[in-house]
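Shown next, in structure tokens, is the structure this report addresses.
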Amino acid sequence: MALRALIADDHELFRSGLKQLLVDALGVEDVREAETFDQAIEILTDEGAGDLVLVDLRMPGMSGAEALAALRDGFPNAKIVVVSAWEERAEILAALSAGVHGYIPKSLSAAEIAAALRSVLDGRIYVPATIGRRDPGDPVAAGNSAAHGESKLTLRQKEVLNELLKGQASKEIARTLDIAEGTVKIHLAAIYRALGVRTRAEAIARLKT
């Protein structure tokens with residue numbers, strides 16, 4: 001099945017390079033382009049979301065996590081990925097909390113970006129290594145609170161969490177642990193409550209800090 005993607009970024013040169021990477025490295029056959037968030041929404045609404053939607057955080061019309069959450073809710077079958085020059089930990093966590101499937105810094109090499117996108121297309125959440133860098137003045141060590149929440153988990157929930165941190169989707173976790181997918185989802189809900197997060201991506205990001 002032919003892959004379809006949309007690149008939403010106001011920098012023409014970057015769009016051109018990313019489009020070439022999608023075609024050459026990932027075999028995407030249909031790559032559409034938008035230079036504003038409103039234009040992206042118009043294309044997605046008129047033509048369908050396709051498989052992959054890559055968005056920049058600083059293009060005209062983009063309102064951060066709120067816009068990302070609306071995009072995720074409006075087009076649930078597409079993989080929504082932020083590709084941004086901004087690598088601040090708070091920005092990354094906010095985007096992941098909105099439910100996107102990955103946050104890719106523009107500072108990565110072409111090979112690294114391709115690998116990250118392959119991971120997302122395979123059903124994993126891509127969290128950049130920069131998430132581990134603590135911003136100056138951060139008042140709370142998020143990793144400590146996450147560790148406290150993790151200590152409340154049952155043995156089975158810890159097994160599910162371990163597979164989650166490998167980037168496994170619910171079906172893959174169920175297969176690995178030989179349990180029903182519905183059971184995995186119940187365990188995930190308990191894990192999210194214990195860690196004080198709402199999404200799979202946020203849980204991964206919290207525990208990788």
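Numbering starts fresh at 1 for the residues of each chain in the structure tokens, the chains themselves are lettered A, B, ... in the order given, and ligands are numbered from 1 as they appear.
Excluding range 179-187 of chain A and any residue on its chain fewer than 4 positions from it, the residues at most 7 Å away by only C-alpha atoms are Gln157, Ser170, Lys171, Ala174, Arg175 and Ile191 of chain A.
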Could you please take those selected residues and save N, CA, C and O atoms as a short mmCIF file (atom, residue, chain, number, x, y, z; two decimals), in the first residue's frame?
data_model
loop_
_atom_site.label_atom_id
_atom_site.label_comp_id
_atom_site.auth_asym_id
_atom_site.auth_seq_id
_atom_site.Cartn_x
_atom_site.Cartn_y
_atom_site.Cartn_z
N GLN A 157 2.37 -5.12 35.96
CA GLN A 157 2.36 -3.75 35.42
C GLN A 157 3.79 -3.30 35.08
O GLN A 157 4.01 -2.61 34.09
N SER A 170 0.45 -1.84 21.95
CA SER A 170 -0.33 -2.70 22.85
C SER A 170 -0.41 -4.13 22.34
O SER A 170 -0.29 -5.09 23.11
N LYS A 171 -0.61 -4.30 21.02
CA LYS A 171 -0.70 -5.66 20.45
C LYS A 171 0.62 -6.41 20.64
O LYS A 171 0.62 -7.61 20.93
N ALA A 174 1.00 -7.45 24.26
CA ALA A 174 0.13 -8.60 24.53
C ALA A 174 0.77 -9.89 24.03
O ALA A 174 0.75 -10.92 24.72
N ARG A 175 1.36 -9.83 22.84
CA ARG A 175 2.00 -11.01 22.26
C ARG A 175 3.21 -11.43 23.09
O ARG A 175 3.41 -12.60 23.38
N ILE A 191 -0.92 2.17 34.99
CA ILE A 191 0.43 2.74 34.93
C ILE A 191 0.38 4.25 34.78
O ILE A 191 1.10 4.99 35.46
#
Review point. If we count only C-alpha atoms, what is near Met59 in chain A at a cut-off of 12 Å, once residues fewer than 6 positions away on the same chain are taken out, given as an MDAnalysis selection string?
Key: chainID A and resid 7:12 34:40 67 82:85
**Study point:** From A:Ala110, A:Leu52, A:Arg58, A:Thr45, residue lying nearest Gln20 in chain A [only C-alpha atoms]
**Key:** A:Ala110
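When only C-alpha atoms are used to compute distances to Gly48 in chain A, the closest of the residues A:Thr176, A:Asn162, A:Asn77, A:Ser109 turns out to be A:Asn77.
Going from CA of Ala25 in chain A over to CA of Lys166 in chain A, you cover 23.2 Å.
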Practice item. Please provide as JSON, numbers by chain all residues within 9 Å of Leu6 in chain A, with the sequence filter that same-chain residues fewer than 2 positions apart are discarded (counting only C-alpha atoms). Key: {"A": [4, 8, 19, 30, 31, 32, 33, 34, 40, 43, 44, 49, 50, 51, 52, 53, 54, 55]}
Exercise for review: With a distance cut-off of 12 Å and only C-alpha atoms, select the neighbouring residues of Thr130 in chain A, excluding the residue or stretch itself and same-chain residues fewer than 6 positions from it, and output the selection as an MDAnalysis selection string.
Suggested key: chainID A and resid 85:93 103:108 205 208:209
Limited to all heavy atoms, could you put the picked residues into a file as a tab-separated table (two decimals), in the first residue's frame?
chain	number	residue	atom	x	y	z
A	85	ALA	N	12.90	22.82	15.28
A	85	ALA	CA	14.24	23.28	15.69
A	85	ALA	C	14.29	23.51	17.20
A	85	ALA	O	15.38	23.61	17.77
A	85	ALA	CB	14.60	24.57	14.96
A	86	TRP	N	13.14	23.57	17.83
A	86	TRP	CA	13.08	23.82	19.27
A	86	TRP	C	13.29	22.52	20.03
A	86	TRP	O	12.58	21.55	19.81
A	86	TRP	CB	11.74	24.44	19.64
A	86	TRP	CG	11.58	25.81	19.07
A	86	TRP	CD1	11.24	26.14	17.78
A	86	TRP	CD2	11.80	27.05	19.74
A	86	TRP	NE1	11.22	27.50	17.62
A	86	TRP	CE2	11.56	28.09	18.80
A	86	TRP	CE3	12.17	27.38	21.04
A	86	TRP	CZ2	11.69	29.43	19.13
A	86	TRP	CZ3	12.29	28.73	21.37
A	86	TRP	CH2	12.05	29.73	20.43
A	87	GLU	N	14.27	22.51	20.93
A	87	GLU	CA	14.59	21.28	21.67
A	87	GLU	C	14.44	21.45	23.18
A	87	GLU	O	14.97	20.64	23.94
A	87	GLU	CB	16.01	20.82	21.32
A	87	GLU	CG	16.18	20.50	19.84
A	87	GLU	CD	17.54	19.91	19.52
A	87	GLU	OE1	18.06	19.13	20.33
A	87	GLU	OE2	18.08	20.23	18.45
A	88	GLU	N	13.72	22.48	23.61
A	88	GLU	CA	13.50	22.67	25.03
A	88	GLU	C	12.65	21.53	25.59
A	88	GLU	O	11.67	21.11	24.97
A	88	GLU	CB	12.79	24.01	25.31
A	88	GLU	CG	13.69	25.22	25.20
A	88	GLU	CD	13.94	25.63	23.75
A	88	GLU	OE1	13.37	24.98	22.86
A	88	GLU	OE2	14.69	26.60	23.52
A	89	ARG	N	13.04	21.04	26.74
A	89	ARG	CA	12.35	19.90	27.35
A	89	ARG	C	10.86	20.17	27.55
A	89	ARG	O	10.02	19.30	27.31
A	89	ARG	CB	13.03	19.61	28.69
A	89	ARG	CG	12.56	18.36	29.38
A	89	ARG	CD	13.54	18.02	30.50
A	89	ARG	NE	12.93	17.12	31.44
A	89	ARG	CZ	12.16	17.50	32.45
A	89	ARG	NH1	11.92	18.77	32.64
A	89	ARG	NH2	11.63	16.61	33.26
A	90	ALA	N	10.53	21.39	27.98
A	90	ALA	CA	9.12	21.73	28.22
A	90	ALA	C	8.31	21.65	26.92
A	90	ALA	O	7.16	21.18	26.92
A	90	ALA	CB	9.01	23.13	28.82
A	91	GLU	N	8.89	22.10	25.82
A	91	GLU	CA	8.21	22.05	24.52
A	91	GLU	C	7.96	20.60	24.12
A	91	GLU	O	6.87	20.24	23.64
A	91	GLU	CB	9.07	22.72	23.45
A	91	GLU	CG	9.26	24.22	23.62
A	91	GLU	CD	8.19	25.00	22.88
A	91	GLU	OE1	7.25	24.38	22.37
A	91	GLU	OE2	8.31	26.24	22.82
A	92	ILE	N	8.96	19.76	24.30
A	92	ILE	CA	8.84	18.36	23.92
A	92	ILE	C	7.77	17.66	24.75
A	92	ILE	O	6.90	16.95	24.23
A	92	ILE	CB	10.20	17.64	24.07
A	92	ILE	CG1	11.24	18.27	23.14
A	92	ILE	CG2	10.05	16.14	23.78
A	92	ILE	CD1	12.65	17.76	23.35
A	93	LEU	N	7.81	17.87	26.06
A	93	LEU	CA	6.82	17.23	26.95
A	93	LEU	C	5.40	17.70	26.63
A	93	LEU	O	4.47	16.90	26.66
A	93	LEU	CB	7.17	17.54	28.41
A	93	LEU	CG	8.35	16.77	28.99
A	93	LEU	CD1	8.69	17.29	30.38
A	93	LEU	CD2	8.07	15.28	29.03
A	103	TYR	N	8.52	13.38	18.47
A	103	TYR	CA	9.06	14.75	18.43
A	103	TYR	C	10.49	14.62	17.91
A	103	TYR	O	11.36	14.08	18.60
A	103	TYR	CB	9.05	15.38	19.82
A	103	TYR	CG	9.32	16.86	19.84
A	103	TYR	CD1	8.30	17.76	20.16
A	103	TYR	CD2	10.58	17.38	19.56
A	103	TYR	CE1	8.54	19.13	20.19
A	103	TYR	CE2	10.82	18.74	19.57
A	103	TYR	CZ	9.79	19.61	19.90
A	103	TYR	OH	10.02	20.97	19.91
A	104	ILE	N	10.71	15.10	16.70
A	104	ILE	CA	12.01	14.95	16.04
A	104	ILE	C	12.71	16.30	15.91
A	104	ILE	O	12.20	17.19	15.23
A	104	ILE	CB	11.85	14.32	14.65
A	104	ILE	CG1	11.18	12.94	14.76
A	104	ILE	CG2	13.20	14.21	13.94
A	104	ILE	CD1	10.91	12.28	13.42
A	105	PRO	N	13.85	16.48	16.56
A	105	PRO	CA	14.60	17.74	16.42
A	105	PRO	C	15.18	17.86	15.01
A	105	PRO	O	15.67	16.89	14.44
A	105	PRO	CB	15.72	17.60	17.46
A	105	PRO	CG	15.25	16.54	18.41
A	105	PRO	CD	14.45	15.59	17.57
A	106	LYS	N	15.15	19.08	14.46
A	106	LYS	CA	15.71	19.31	13.14
A	106	LYS	C	17.23	19.18	13.14
A	106	LYS	O	17.85	19.07	12.08
A	106	LYS	CB	15.31	20.69	12.62
A	106	LYS	CG	13.85	20.80	12.24
A	106	LYS	CD	13.53	22.18	11.67
A	106	LYS	CE	12.07	22.26	11.24
A	106	LYS	NZ	11.75	23.61	10.69
A	107	SER	N	17.83	19.18	14.32
A	107	SER	CA	19.29	19.08	14.41
A	107	SER	C	19.79	17.66	14.12
A	107	SER	O	20.99	17.44	13.93
A	107	SER	CB	19.76	19.49	15.81
A	107	SER	OG	19.20	18.64	16.80
A	108	LEU	N	18.89	16.67	14.06
A	108	LEU	CA	19.31	15.30	13.77
A	108	LEU	C	19.76	15.18	12.31
A	108	LEU	O	19.35	15.96	11.45
A	108	LEU	CB	18.15	14.33	14.01
A	108	LEU	CG	17.61	14.20	15.44
A	108	LEU	CD1	16.57	13.10	15.49
A	108	LEU	CD2	18.72	13.92	16.43
A	205	ALA	N	8.27	9.63	28.01
A	205	ALA	CA	9.09	10.82	28.20
A	205	ALA	C	9.42	11.02	29.67
A	205	ALA	O	10.56	11.33	30.04
A	205	ALA	CB	8.38	12.05	27.65
A	208	LYS	N	12.08	8.54	30.85
A	208	LYS	CA	13.39	8.67	30.22
A	208	LYS	C	14.15	9.90	30.68
A	208	LYS	O	15.25	10.16	30.23
A	208	LYS	CB	13.24	8.69	28.69
A	208	LYS	CG	12.94	7.32	28.11
A	208	LYS	CD	13.11	7.31	26.62
A	208	LYS	CE	12.95	5.88	26.07
A	208	LYS	NZ	13.16	5.81	24.62
A	209	THR	N	13.54	10.67	31.59
A	209	THR	CA	14.23	11.85	32.10
A	209	THR	C	15.23	11.44	33.16
A	209	THR	O	15.11	10.39	33.76
A	209	THR	CB	13.23	12.85	32.71
A	209	THR	OG1	12.43	12.19	33.70
A	209	THR	CG2	12.33	13.41	31.64
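Distance-wise, CA of Tyr126 in chain A and CA of Ala98 in chain A end up 13.9 Å apart.
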**Study point:** Every residue of range 87-191 of chain A that DSSP places in strand (DSSP E), as a ChimeraX atom specification
**Key:** /A:102-105
Check your understanding: Please, what distance in Å, to one decimal, runs between CA of Ala114 in chain A and CA of Ala78 in chain A?
Key -> 17.3 Å
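Residue neighbourhood of Arg124 in chain A, excluding near-sequence residues (fewer than 2 positions): His101, Ser119, Val120, Leu121, Asp122, Tyr126, Gly167, Gln168 and Ala169 of chain A, at 8 Å, using only C-alpha atoms.
Residues of range 32-89 of chain A carrying a DSSP assignment of alpha helix (DSSP H), computed from the backbone, are Phe37, Asp38, Gln39, Ala40, Ile41, Glu42, Ile43, Leu44, Thr45, Asp46, Glu47, Ala65, Glu66, Ala67, Leu68, Ala69, Ala70, Leu71, Arg72, Asp73, Gly74 and Arg89 of chain A.
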